[in-house]
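Working notes, structure below.
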Amino acid sequence: MTDRELKKYKEELEKECKKNVPNFCKYASSKNAKILALLQDPGNSGAEDTRTCTVWENNDDTSKNQLKYIKKYKLDKKKEEILFWNFYGSFDLQMKNMKEKENIFWLKQTEKLLDLCPNVKVIIIFGTDAWHGMYYFKLKKKIYIIPSPHPSRRGMLQRDADARLDNAWKSAAKLILD
């Protein structure tokens with residue numbers, strides 16, 4: 001069941017950005033998560049169909065590629081340990097036209113989310129756009145940051161993408177399971 005605080009965060013974000021924002025996963029989203037799996041944006045993915053940011057409900061390449069390694073490292077047994085979200089947390093954004101001011105807005109939204117999730121130990125940042133968005137991120141506590149290619153079909157065409165995605169989930173699992 002999605003935490004009340006996460007639902008409130010989503011509602012406030014929709015009011016502030018004046019756009020549609022995906023739901024958190026009803027099966028696995030918890031403010032007590034230890035991993036924040038931060039994708040770039042919910043567009044052009046299964047989230048557009050389900051209106052939810054999750055690998056557990058979306059039937060797309062992004063979800064399938066992640067599930068492969070989530071299951072490999074037995075994180076599927078700890079669904080509540082992973083919170084899936086997007087750096088650019090709304091639909092209908094024009095990524096190519098994004099200005100620094102808008103990037104800072106989304107960074108602040110990510111920081112607000114992290115403030116709600118005191119147990120996050122690891123952030124996996126998926127894709128170049130999310131990585132660029134986190135450029136001005138200020139750590140308030142010790143959190144491991146792990147880069148990863150975006151797990152979409154196109155993202156997985158990059159050199160060594162499969163090995164890098166595998167390593168991201170392996171590293172995250174090791175950090176929270178040890």
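Going through the structure tokens in order, the chains are called A, B, and so on, while each chain numbers its residues from 1 and the ligands are numbered from 1 in the order shown.
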
Could you make a table, as JSON lines, of the residues of range 48-81 of chain A that have an atom within 12 Å of an atom of range 160-163 of chain A, each with its nearest atom pair and distance in Å to one decimal, counting only C-alpha atoms, in chain and number order?
```
{"residue": "A:Asn65", "atom": "CA", "partner": "A:Asp162", "partner_atom": "CA", "distance": 8.6}
{"residue": "A:Gln66", "atom": "CA", "partner": "A:Asp162", "partner_atom": "CA", "distance": 10.0}
{"residue": "A:Lys68", "atom": "CA", "partner": "A:Asp162", "partner_atom": "CA", "distance": 10.3}
{"residue": "A:Tyr69", "atom": "CA", "partner": "A:Asp162", "partner_atom": "CA", "distance": 9.8}
```

May I have the selected residues written with N, CA and C atoms, as a short mmCIF file (atom, residue, chain, number, x, y, z; two decimals), in the first residue's frame?
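Listing of result.cif after writing:
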```cif
data_model
loop_
_atom_site.label_atom_id
_atom_site.label_comp_id
_atom_site.auth_asym_id
_atom_site.auth_seq_id
_atom_site.Cartn_x
_atom_site.Cartn_y
_atom_site.Cartn_z
N ASN A 65 13.67 -4.88 -18.43
CA ASN A 65 15.13 -4.87 -18.27
C ASN A 65 15.53 -4.72 -16.81
N GLN A 66 14.78 -3.94 -16.06
CA GLN A 66 15.08 -3.80 -14.64
C GLN A 66 14.73 -5.06 -13.86
N LYS A 68 14.74 -8.05 -14.70
CA LYS A 68 15.74 -9.10 -14.93
C LYS A 68 16.79 -9.09 -13.81
N TYR A 69 17.26 -7.91 -13.44
CA TYR A 69 18.31 -7.80 -12.42
C TYR A 69 17.75 -7.69 -11.02
#
```

As an mmCIF file with N, CA and C atoms, in the first residue's frame, list the residues of range 53-88 of chain A assigned to strand (DSSP E or B) by DSSP on the backbone atoms of this structure.
```
data_model
loop_
_atom_site.group_PDB
_atom_site.id
_atom_site.type_symbol
_atom_site.label_atom_id
_atom_site.label_comp_id
_atom_site.auth_asym_id
_atom_site.auth_seq_id
_atom_site.Cartn_x
_atom_site.Cartn_y
_atom_site.Cartn_z
ATOM 1 N N CYS A 53 4.397 4.777 -11.800
ATOM 2 C CA CYS A 53 5.845 4.592 -11.910
ATOM 3 C C CYS A 53 6.228 3.323 -11.160
ATOM 4 N N ILE A 82 12.402 -0.758 -2.494
ATOM 5 C CA ILE A 82 12.705 0.021 -3.700
ATOM 6 C C ILE A 82 11.553 0.984 -3.983
ATOM 7 N N LEU A 83 11.890 2.242 -4.134
ATOM 8 C CA LEU A 83 10.912 3.252 -4.534
ATOM 9 C C LEU A 83 11.284 3.721 -5.939
ATOM 10 N N PHE A 84 10.403 3.501 -6.886
ATOM 11 C CA PHE A 84 10.624 3.941 -8.265
ATOM 12 C C PHE A 84 10.026 5.326 -8.450
ATOM 13 N N TRP A 85 10.796 6.200 -9.079
ATOM 14 C CA TRP A 85 10.298 7.539 -9.382
ATOM 15 C C TRP A 85 11.080 8.088 -10.562
ATOM 16 N N ASN A 86 10.677 9.265 -11.016
ATOM 17 C CA ASN A 86 11.330 9.927 -12.145
ATOM 18 C C ASN A 86 11.873 11.272 -11.694
#
```

Could you give me, as an MDAnalysis selection string, the residues within 9 Å of range 25-35 of chain A, counting only C-alpha atoms and dropping anything in the same chain fewer than 5 positions from it? chainID A and resid 1:3 5:6 52:57 78:84 113:114 116:124 172:173 176

Using N, CA and C atoms, can you write the selected residues to a file as a compact mmCIF listing (two decimals), in the first residue's frame?
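Below you can see again_24.txt, which holds the result:
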```txt
# COMPACT_ATOMS: atom_id res chain seq x y z
N MET A 1 0.84 -1.18 0.00
CA MET A 1 0.00 0.00 0.00
C MET A 1 0.89 1.25 0.00
N THR A 2 0.58 2.17 -0.83
CA THR A 2 1.35 3.41 -0.94
C THR A 2 1.20 4.22 0.34
N ASP A 3 2.31 4.71 0.86
CA ASP A 3 2.28 5.55 2.06
C ASP A 3 1.46 6.81 1.84
N GLU A 5 2.08 9.72 3.01
CA GLU A 5 2.98 10.84 2.73
C GLU A 5 3.36 10.89 1.25
N LEU A 6 3.53 9.73 0.63
CA LEU A 6 3.86 9.70 -0.80
C LEU A 6 2.67 10.16 -1.64
N THR A 52 1.39 4.92 -13.66
CA THR A 52 2.10 4.54 -12.44
C THR A 52 3.57 4.34 -12.73
N CYS A 53 4.40 4.78 -11.80
CA CYS A 53 5.84 4.59 -11.91
C CYS A 53 6.23 3.32 -11.16
N THR A 54 6.34 2.23 -11.90
CA THR A 54 6.64 0.94 -11.27
C THR A 54 7.09 -0.09 -12.30
N VAL A 55 7.95 -0.98 -11.89
CA VAL A 55 8.29 -2.12 -12.75
C VAL A 55 7.32 -3.27 -12.52
N TRP A 56 6.59 -3.23 -11.42
CA TRP A 56 5.72 -4.34 -11.05
C TRP A 56 4.43 -4.36 -11.86
N GLU A 57 4.05 -3.22 -12.45
CA GLU A 57 2.79 -3.14 -13.19
C GLU A 57 2.98 -2.81 -14.67
N LYS A 78 11.96 -8.11 -1.82
CA LYS A 78 11.99 -6.94 -0.95
C LYS A 78 11.43 -5.72 -1.68
N LYS A 79 10.27 -5.88 -2.27
CA LYS A 79 9.67 -4.81 -3.07
C LYS A 79 9.58 -3.49 -2.32
N GLU A 80 9.28 -3.58 -1.03
CA GLU A 80 9.12 -2.36 -0.23
C GLU A 80 10.43 -1.62 -0.02
N GLU A 81 11.55 -2.25 -0.40
CA GLU A 81 12.87 -1.64 -0.24
C GLU A 81 13.23 -0.72 -1.42
N ILE A 82 12.40 -0.76 -2.49
CA ILE A 82 12.71 0.02 -3.70
C ILE A 82 11.55 0.98 -3.98
N LEU A 83 11.89 2.24 -4.13
CA LEU A 83 10.91 3.25 -4.53
C LEU A 83 11.28 3.72 -5.94
N PHE A 84 10.40 3.50 -6.89
CA PHE A 84 10.62 3.94 -8.27
C PHE A 84 10.03 5.33 -8.45
N LEU A 113 11.25 14.62 -1.99
CA LEU A 113 10.94 13.19 -1.91
C LEU A 113 11.93 12.49 -0.99
N LEU A 114 13.19 12.80 -1.15
CA LEU A 114 14.20 12.18 -0.28
C LEU A 114 14.01 12.57 1.18
N LEU A 116 11.25 12.86 2.60
CA LEU A 116 10.17 12.00 3.08
C LEU A 116 10.63 10.56 3.31
N CYS A 117 11.78 10.21 2.77
CA CYS A 117 12.26 8.82 2.77
C CYS A 117 13.59 8.73 3.53
N PRO A 118 13.55 8.73 4.84
CA PRO A 118 14.77 8.80 5.63
C PRO A 118 15.69 7.58 5.54
N ASN A 119 15.18 6.46 5.04
CA ASN A 119 15.99 5.23 5.00
C ASN A 119 16.72 4.99 3.69
N VAL A 120 16.55 5.91 2.72
CA VAL A 120 17.23 5.73 1.43
C VAL A 120 18.74 5.74 1.66
N LYS A 121 19.38 4.67 1.21
CA LYS A 121 20.83 4.53 1.29
C LYS A 121 21.48 4.66 -0.08
N VAL A 122 20.68 4.39 -1.13
CA VAL A 122 21.20 4.29 -2.49
C VAL A 122 20.23 4.98 -3.45
N ILE A 123 20.78 5.76 -4.36
CA ILE A 123 20.00 6.28 -5.49
C ILE A 123 20.65 5.73 -6.75
N ILE A 124 19.87 4.98 -7.52
CA ILE A 124 20.33 4.57 -8.85
C ILE A 124 19.76 5.59 -9.82
N ALA A 172 23.60 -1.92 -5.70
CA ALA A 172 22.52 -1.46 -4.80
C ALA A 172 22.11 -2.57 -3.85
N ALA A 173 21.96 -3.78 -4.39
CA ALA A 173 21.58 -4.92 -3.54
C ALA A 173 22.62 -5.16 -2.46
N ILE A 176 22.37 -2.58 0.41
CA ILE A 176 21.25 -2.64 1.34
C ILE A 176 21.09 -4.00 2.02
```

Could you give me the residues within range 7-132 of chain A that DSSP places in alpha helix (DSSP H), as a ChimeraX atom specification? /A:7-17,47-50,61-72,100-116,128-132

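Nearest to Lys71 in chain A of all the residues A:Trp131, A:Trp169, A:Tyr136, A:Phe24 is A:Trp169, based on only C-alpha atoms.
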
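Closest approach to Gln109 in chain A from the set A:Asn167, A:Leu13, A:Phe91, A:Arg4 is made by A:Leu13, with distances taken over only C-alpha atoms.
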
Shortest interatomic distance to Tyr144 in chain A - which of A:Leu175, A:Met156, A:Leu67, A:Leu165, counting only C-alpha atoms: A:Leu175

Please report the interatomic distance between CA of Ile145 in chain A and CA of Asn103 in chain A in Å with one decimal. 18.6 Å

Close residues, Gly133 in chain A itself excluded, 9 Å, only C-alpha atoms, min 3 positions apart in chain, as a list of chain:residue names: A:Gln40, A:Phe87, A:Tyr88, A:Asn103, A:Ile104, A:Trp106, A:Leu107, A:Thr128, A:Asp129, A:Ala130, A:Tyr136, A:Phe137

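Closest approach to Arg164 in chain A among A:Gly127, A:Lys141, A:Tyr9, A:Asp178 is made by A:Gly127 (distances from only C-alpha atoms).
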
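Taking CA of Gly43 in chain A and CA of Ser90 in chain A as the two end points, the separation is 8.1 Å.
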